[in-house]
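To start, the structure under review is shown below, and the notes come after it.
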Amino acid sequence: MASGGAIWGKVLGTLRGNGETVLFDVCENVEKVFVEQDSLLVAMVKSGGYAILSKQDNQSLVKNIVSQYCPYRFTVRLVEEKDPWEQSFQQFKNIAGDVPLYVDGKKVN
């Protein structure tokens with residue numbers, strides 16, 4: 001069976017070909033697409049895109065397109081955006097290892 005990304009590429013092509021420009025733009029900007037058990041999962045970071053893709057008529061349209069290319073159920077999830085400082089801090093910790101880190105004189109790890 002094809003990967004989640006390959007299936008999603010076909011979904012995008014169909015949306016574009018059908019002139020579904022708003023839905024195409026939303027679907028083009030998903031964070032991640034993957035297959036989990038019997039579902040094609042689409043992770044959204046932006047809540048506005050999630051709201052559009054979660055609307056009943058849009059979900060039905062995408063579900064119908066997905067069913068043309070695979071037997072998986074279509075599922076969309078909202079993923080919380082990480083705080084940019086927290087992301088940078090985690091990246092720095094990964095590089096620095098177990099070295100004590102201080103911010104404004106206070107130990108932060």
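Labels for the structure tokens follow display order: chains A, B, ..., residues from 1 in each chain, ligands from 1.
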
Show me, as a CSV table (one decimal) with N, CA, C and O atoms, in the first residue's frame, the residues that have an atom within 12 Å of Gln37 in chain A when counting only C-alpha atoms, minus same-chain residues fewer than 4 positions from it.
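Contents of result37.csv, freshly written:
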chain,number,residue,atom,x,y,z
A,4,GLY,N,1.4,7.4,3.4
A,4,GLY,CA,0.4,8.5,3.6
A,4,GLY,C,0.7,9.7,2.7
A,4,GLY,O,-0.2,10.3,2.2
A,41,LEU,N,-4.2,9.5,8.7
A,41,LEU,CA,-4.2,10.6,9.7
A,41,LEU,C,-3.6,11.8,9.1
A,41,LEU,O,-2.5,11.8,8.5
A,71,PRO,N,-8.0,2.1,1.1
A,71,PRO,CA,-9.1,1.7,1.9
A,71,PRO,C,-9.2,2.3,3.3
A,71,PRO,O,-10.0,2.0,4.1
A,72,TYR,N,-8.3,3.3,3.6
A,72,TYR,CA,-8.2,3.9,4.9
A,72,TYR,C,-9.3,4.9,5.2
A,72,TYR,O,-9.8,5.5,4.3
A,73,ARG,N,-9.6,5.0,6.5
A,73,ARG,CA,-10.5,6.0,7.0
A,73,ARG,C,-9.7,7.3,7.0
A,73,ARG,O,-8.6,7.3,7.3
A,74,PHE,N,-10.4,8.4,6.7
A,74,PHE,CA,-9.8,9.7,6.8
A,74,PHE,C,-10.0,10.3,8.2
A,74,PHE,O,-11.1,10.4,8.6
A,75,THR,N,-8.9,10.7,8.8
A,75,THR,CA,-9.0,11.3,10.2
A,75,THR,C,-8.1,12.6,10.2
A,75,THR,O,-7.0,12.5,9.7

Test item: residues at most 9 Å from range 45-51 of chain A, only C-alpha atoms, excluding those fewer than 6 positions along its chain, as a PDB file with N, CA and C atoms, in the first residue's frame:
ATOM      1  N   LEU A  23     -10.016  24.595  -0.119  1.00  0.00           N
ATOM      2  CA  LEU A  23      -9.731  23.314   0.518  1.00  0.00           C
ATOM      3  C   LEU A  23      -8.352  22.796   0.099  1.00  0.00           C
ATOM      4  N   ASP A  25      -5.730  24.690  -0.626  1.00  0.00           N
ATOM      5  CA  ASP A  25      -4.754  25.475   0.135  1.00  0.00           C
ATOM      6  C   ASP A  25      -4.624  24.967   1.566  1.00  0.00           C
ATOM      7  N   VAL A  26      -5.745  24.652   2.201  1.00  0.00           N
ATOM      8  CA  VAL A  26      -5.718  24.129   3.568  1.00  0.00           C
ATOM      9  C   VAL A  26      -5.006  22.782   3.601  1.00  0.00           C
ATOM     10  N   CYS A  27      -5.367  21.905   2.688  1.00  0.00           N
ATOM     11  CA  CYS A  27      -4.797  20.559   2.668  1.00  0.00           C
ATOM     12  C   CYS A  27      -3.319  20.560   2.291  1.00  0.00           C
ATOM     13  N   ASN A  29      -1.214  22.617   3.307  1.00  0.00           N
ATOM     14  CA  ASN A  29      -0.448  23.111   4.444  1.00  0.00           C
ATOM     15  C   ASN A  29      -0.593  22.255   5.703  1.00  0.00           C
ATOM     16  N   VAL A  30      -0.925  20.981   5.551  1.00  0.00           N
ATOM     17  CA  VAL A  30      -0.986  20.109   6.719  1.00  0.00           C
ATOM     18  C   VAL A  30       0.421  19.873   7.245  1.00  0.00           C
ATOM     19  N   GLU A  31       0.522  19.591   8.523  1.00  0.00           N
ATOM     20  CA  GLU A  31       1.820  19.372   9.165  1.00  0.00           C
ATOM     21  C   GLU A  31       2.394  18.009   8.810  1.00  0.00           C
ATOM     22  N   VAL A  76      -8.618  13.653  10.789  1.00  0.00           N
ATOM     23  CA  VAL A  76      -7.824  14.873  10.931  1.00  0.00           C
ATOM     24  C   VAL A  76      -7.703  15.183  12.415  1.00  0.00           C
ATOM     25  N   ARG A  77      -6.511  15.585  12.823  1.00  0.00           N
ATOM     26  CA  ARG A  77      -6.261  15.935  14.226  1.00  0.00           C
ATOM     27  C   ARG A  77      -5.591  17.297  14.301  1.00  0.00           C
ATOM     28  N   LEU A  78      -5.927  18.021  15.361  1.00  0.00           N
ATOM     29  CA  LEU A  78      -5.284  19.304  15.618  1.00  0.00           C
ATOM     30  C   LEU A  78      -4.112  19.062  16.552  1.00  0.00           C
ATOM     31  N   VAL A  79      -2.938  19.523  16.153  1.00  0.00           N
ATOM     32  CA  VAL A  79      -1.733  19.391  16.961  1.00  0.00           C
ATOM     33  C   VAL A  79      -1.421  20.769  17.518  1.00  0.00           C
ATOM     34  N   GLU A  80      -1.200  20.841  18.815  1.00  0.00           N
ATOM     35  CA  GLU A  80      -0.897  22.134  19.427  1.00  0.00           C
ATOM     36  C   GLU A  80       0.456  22.647  18.962  1.00  0.00           C
ATOM     37  N   GLU A  81       0.501  23.931  18.701  1.00  0.00           N
ATOM     38  CA  GLU A  81       1.768  24.551  18.332  1.00  0.00           C
ATOM     39  C   GLU A  81       2.644  24.652  19.571  1.00  0.00           C
TER      40      GLU A  81
END

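For range 9-83 of chain A, a DSSP pass over the backbone yields strand (DSSP E or B) at A:Lys32, A:Val33, A:Phe34, A:Val35, A:Glu36, A:Ser39, A:Leu40, A:Leu41, A:Val42, A:Ala43, A:Met44, A:Arg73, A:Phe74, A:Thr75, A:Val76, A:Arg77, A:Leu78.
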
Could you give me, as a PDB file with all heavy atoms, in the first residue's frame, the residues within 9 Å of Val11 in chain A, counting only C-alpha atoms and dropping anything in the same chain fewer than 4 positions from it?
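File written: result_13.pdb
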ATOM      1  N   ALA A   6       2.139   9.765  -0.224  1.00  0.00           N
ATOM      2  CA  ALA A   6       1.787   9.492  -1.625  1.00  0.00           C
ATOM      3  C   ALA A   6       0.272   9.590  -1.835  1.00  0.00           C
ATOM      4  O   ALA A   6      -0.191  10.159  -2.832  1.00  0.00           O
ATOM      5  CB  ALA A   6       2.294   8.110  -2.034  1.00  0.00           C
ATOM      6  N   ILE A   7      -0.473   9.057  -0.883  1.00  0.00           N
ATOM      7  CA  ILE A   7      -1.939   9.134  -0.977  1.00  0.00           C
ATOM      8  C   ILE A   7      -2.384  10.588  -0.897  1.00  0.00           C
ATOM      9  O   ILE A   7      -3.230  11.036  -1.672  1.00  0.00           O
ATOM     10  CB  ILE A   7      -2.596   8.304   0.145  1.00  0.00           C
ATOM     11  CG1 ILE A   7      -2.272   6.817  -0.035  1.00  0.00           C
ATOM     12  CG2 ILE A   7      -4.106   8.532   0.180  1.00  0.00           C
ATOM     13  CD1 ILE A   7      -2.567   5.966   1.178  1.00  0.00           C
ATOM     14  N   LEU A  15      -8.124  17.580  -5.613  1.00  0.00           N
ATOM     15  CA  LEU A  15      -8.721  18.846  -5.163  1.00  0.00           C
ATOM     16  C   LEU A  15      -8.391  19.974  -6.134  1.00  0.00           C
ATOM     17  O   LEU A  15      -9.262  20.770  -6.484  1.00  0.00           O
ATOM     18  CB  LEU A  15      -8.230  19.198  -3.754  1.00  0.00           C
ATOM     19  CG  LEU A  15      -8.788  18.374  -2.609  1.00  0.00           C
ATOM     20  CD1 LEU A  15      -8.040  18.678  -1.314  1.00  0.00           C
ATOM     21  CD2 LEU A  15     -10.284  18.618  -2.442  1.00  0.00           C
ATOM     22  N   ARG A  16      -7.128  20.029  -6.547  1.00  0.00           N
ATOM     23  CA  ARG A  16      -6.720  21.073  -7.495  1.00  0.00           C
ATOM     24  C   ARG A  16      -7.460  20.911  -8.822  1.00  0.00           C
ATOM     25  O   ARG A  16      -7.956  21.880  -9.387  1.00  0.00           O
ATOM     26  CB  ARG A  16      -5.218  21.036  -7.739  1.00  0.00           C
ATOM     27  CG  ARG A  16      -4.765  22.170  -8.653  1.00  0.00           C
ATOM     28  CD  ARG A  16      -3.311  22.142  -8.995  1.00  0.00           C
ATOM     29  NE  ARG A  16      -2.490  22.073  -7.793  1.00  0.00           N
ATOM     30  CZ  ARG A  16      -1.241  21.657  -7.778  1.00  0.00           C
ATOM     31  NH1 ARG A  16      -0.646  21.293  -8.885  1.00  0.00           N
ATOM     32  NH2 ARG A  16      -0.556  21.620  -6.664  1.00  0.00           N
ATOM     33  N   PHE A  24      -7.982  23.008  -1.149  1.00  0.00           N
ATOM     34  CA  PHE A  24      -6.643  22.633  -1.606  1.00  0.00           C
ATOM     35  C   PHE A  24      -5.572  23.367  -0.795  1.00  0.00           C
ATOM     36  O   PHE A  24      -4.610  22.762  -0.341  1.00  0.00           O
ATOM     37  CB  PHE A  24      -6.471  22.927  -3.102  1.00  0.00           C
ATOM     38  CG  PHE A  24      -5.053  22.764  -3.571  1.00  0.00           C
ATOM     39  CD1 PHE A  24      -4.541  21.506  -3.835  1.00  0.00           C
ATOM     40  CD2 PHE A  24      -4.220  23.865  -3.720  1.00  0.00           C
ATOM     41  CE1 PHE A  24      -3.221  21.345  -4.255  1.00  0.00           C
ATOM     42  CE2 PHE A  24      -2.908  23.723  -4.137  1.00  0.00           C
ATOM     43  CZ  PHE A  24      -2.409  22.448  -4.404  1.00  0.00           C
ATOM     44  N   CYS A  27      -5.367  21.905   2.688  1.00  0.00           N
ATOM     45  CA  CYS A  27      -4.797  20.559   2.668  1.00  0.00           C
ATOM     46  C   CYS A  27      -3.319  20.560   2.291  1.00  0.00           C
ATOM     47  O   CYS A  27      -2.563  19.696   2.726  1.00  0.00           O
ATOM     48  CB  CYS A  27      -5.582  19.668   1.718  1.00  0.00           C
ATOM     49  SG  CYS A  27      -7.247  19.282   2.329  1.00  0.00           S
ATOM     50  N   VAL A  62     -13.295  15.183   1.196  1.00  0.00           N
ATOM     51  CA  VAL A  62     -11.959  14.593   1.311  1.00  0.00           C
ATOM     52  C   VAL A  62     -12.052  13.089   1.554  1.00  0.00           C
ATOM     53  O   VAL A  62     -11.288  12.315   0.975  1.00  0.00           O
ATOM     54  CB  VAL A  62     -11.128  15.303   2.400  1.00  0.00           C
ATOM     55  CG1 VAL A  62      -9.798  14.599   2.616  1.00  0.00           C
ATOM     56  CG2 VAL A  62     -10.906  16.764   2.024  1.00  0.00           C
ATOM     57  N   ILE A  65     -12.603  11.406  -1.711  1.00  0.00           N
ATOM     58  CA  ILE A  65     -11.389  11.391  -2.534  1.00  0.00           C
ATOM     59  C   ILE A  65     -10.412  10.349  -1.995  1.00  0.00           C
ATOM     60  O   ILE A  65      -9.841   9.570  -2.762  1.00  0.00           O
ATOM     61  CB  ILE A  65     -10.741  12.789  -2.588  1.00  0.00           C
ATOM     62  CG1 ILE A  65     -11.668  13.776  -3.315  1.00  0.00           C
ATOM     63  CG2 ILE A  65      -9.381  12.721  -3.282  1.00  0.00           C
ATOM     64  CD1 ILE A  65     -11.237  15.225  -3.205  1.00  0.00           C
ATOM     65  N   VAL A  66     -10.208  10.321  -0.672  1.00  0.00           N
ATOM     66  CA  VAL A  66      -9.300   9.337  -0.064  1.00  0.00           C
ATOM     67  C   VAL A  66      -9.742   7.922  -0.426  1.00  0.00           C
ATOM     68  O   VAL A  66      -8.908   7.074  -0.772  1.00  0.00           O
ATOM     69  CB  VAL A  66      -9.226   9.520   1.473  1.00  0.00           C
ATOM     70  CG1 VAL A  66      -8.541   8.341   2.140  1.00  0.00           C
ATOM     71  CG2 VAL A  66      -8.506  10.825   1.819  1.00  0.00           C
ATOM     72  N   GLN A  68     -11.011   6.829  -3.016  1.00  0.00           N
ATOM     73  CA  GLN A  68     -10.665   6.491  -4.396  1.00  0.00           C
ATOM     74  C   GLN A  68      -9.263   5.899  -4.488  1.00  0.00           C
ATOM     75  O   GLN A  68      -8.952   5.169  -5.423  1.00  0.00           O
ATOM     76  CB  GLN A  68     -10.726   7.731  -5.286  1.00  0.00           C
ATOM     77  CG  GLN A  68     -12.096   8.319  -5.462  1.00  0.00           C
ATOM     78  CD  GLN A  68     -12.046   9.635  -6.218  1.00  0.00           C
ATOM     79  OE1 GLN A  68     -11.106   9.930  -6.952  1.00  0.00           O
ATOM     80  NE2 GLN A  68     -13.073  10.457  -6.030  1.00  0.00           N
ATOM     81  N   TYR A  69      -8.401   6.239  -3.515  1.00  0.00           N
ATOM     82  CA  TYR A  69      -6.991   5.861  -3.598  1.00  0.00           C
ATOM     83  C   TYR A  69      -6.546   4.815  -2.573  1.00  0.00           C
ATOM     84  O   TYR A  69      -5.464   4.250  -2.719  1.00  0.00           O
ATOM     85  CB  TYR A  69      -6.113   7.107  -3.465  1.00  0.00           C
ATOM     86  CG  TYR A  69      -6.402   8.121  -4.545  1.00  0.00           C
ATOM     87  CD1 TYR A  69      -7.030   9.321  -4.268  1.00  0.00           C
ATOM     88  CD2 TYR A  69      -6.079   7.848  -5.878  1.00  0.00           C
ATOM     89  CE1 TYR A  69      -7.308  10.240  -5.266  1.00  0.00           C
ATOM     90  CE2 TYR A  69      -6.358   8.758  -6.882  1.00  0.00           C
ATOM     91  CZ  TYR A  69      -6.972   9.956  -6.565  1.00  0.00           C
ATOM     92  OH  TYR A  69      -7.248  10.849  -7.564  1.00  0.00           O
TER      93      TYR A  69
END

Run DSSP on the backbone and grab whatever in range 12-80 of chain A lands in helix (DSSP H, G or I); send it over as a VMD selection string. chain A and resid 12 to 17 21 to 28 47 to 54 56 to 69

Store the residues picked out above in a file with C-alpha atoms, as an mmCIF file, in the first residue's frame.
data_model
loop_
_atom_site.group_PDB
_atom_site.id
_atom_site.type_symbol
_atom_site.label_atom_id
_atom_site.label_comp_id
_atom_site.auth_asym_id
_atom_site.auth_seq_id
_atom_site.Cartn_x
_atom_site.Cartn_y
_atom_site.Cartn_z
ATOM 1 C CA LEU A 12 -4.199 17.266 -3.430
ATOM 2 C CA GLY A 13 -4.093 16.644 -7.178
ATOM 3 C CA THR A 14 -7.780 15.772 -7.207
ATOM 4 C CA LEU A 15 -8.721 18.846 -5.163
ATOM 5 C CA ARG A 16 -6.720 21.073 -7.495
ATOM 6 C CA GLY A 17 -8.217 19.419 -10.569
ATOM 7 C CA THR A 21 -8.970 26.119 -4.205
ATOM 8 C CA VAL A 22 -9.672 26.943 -0.544
ATOM 9 C CA LEU A 23 -9.731 23.314 0.518
ATOM 10 C CA PHE A 24 -6.643 22.633 -1.606
ATOM 11 C CA ASP A 25 -4.754 25.475 0.135
ATOM 12 C CA VAL A 26 -5.718 24.129 3.568
ATOM 13 C CA CYS A 27 -4.797 20.559 2.668
ATOM 14 C CA GLU A 28 -1.512 21.618 1.106
ATOM 15 C CA SER A 47 -6.551 25.822 14.111
ATOM 16 C CA GLY A 48 -8.099 27.786 11.203
ATOM 17 C CA GLY A 49 -7.145 25.065 8.735
ATOM 18 C CA TYR A 50 -8.395 22.421 11.136
ATOM 19 C CA ALA A 51 -11.750 24.207 11.408
ATOM 20 C CA ILE A 52 -12.128 24.312 7.624
ATOM 21 C CA LEU A 53 -11.098 20.685 7.133
ATOM 22 C CA SER A 54 -13.344 19.549 10.004
ATOM 23 C CA GLN A 56 -18.890 18.217 7.550
ATOM 24 C CA ASP A 57 -19.102 18.992 3.830
ATOM 25 C CA ASN A 58 -15.315 19.366 3.484
ATOM 26 C CA GLN A 59 -14.662 16.177 5.449
ATOM 27 C CA SER A 60 -17.124 14.279 3.275
ATOM 28 C CA LEU A 61 -15.460 15.542 0.113
ATOM 29 C CA VAL A 62 -11.959 14.593 1.311
ATOM 30 C CA LYS A 63 -13.187 11.207 2.614
ATOM 31 C CA ASN A 64 -14.645 10.440 -0.822
ATOM 32 C CA ILE A 65 -11.389 11.391 -2.534
ATOM 33 C CA VAL A 66 -9.300 9.337 -0.064
ATOM 34 C CA SER A 67 -11.547 6.309 -0.678
ATOM 35 C CA GLN A 68 -10.665 6.491 -4.396
ATOM 36 C CA TYR A 69 -6.991 5.861 -3.598
#

Out of A:Pro100, A:Ile95, A:Lys107, A:Trp8, which residue has the shortest atom-to-atom distance to Phe34 in chain A when counting only C-alpha atoms? A:Trp8

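Minimum atom-to-atom distance to Val33 in chain A, evaluated using only C-alpha atoms, belongs to A:Gly9 out of A:Asp98, A:Gly9, A:Cys70, A:Gly105.
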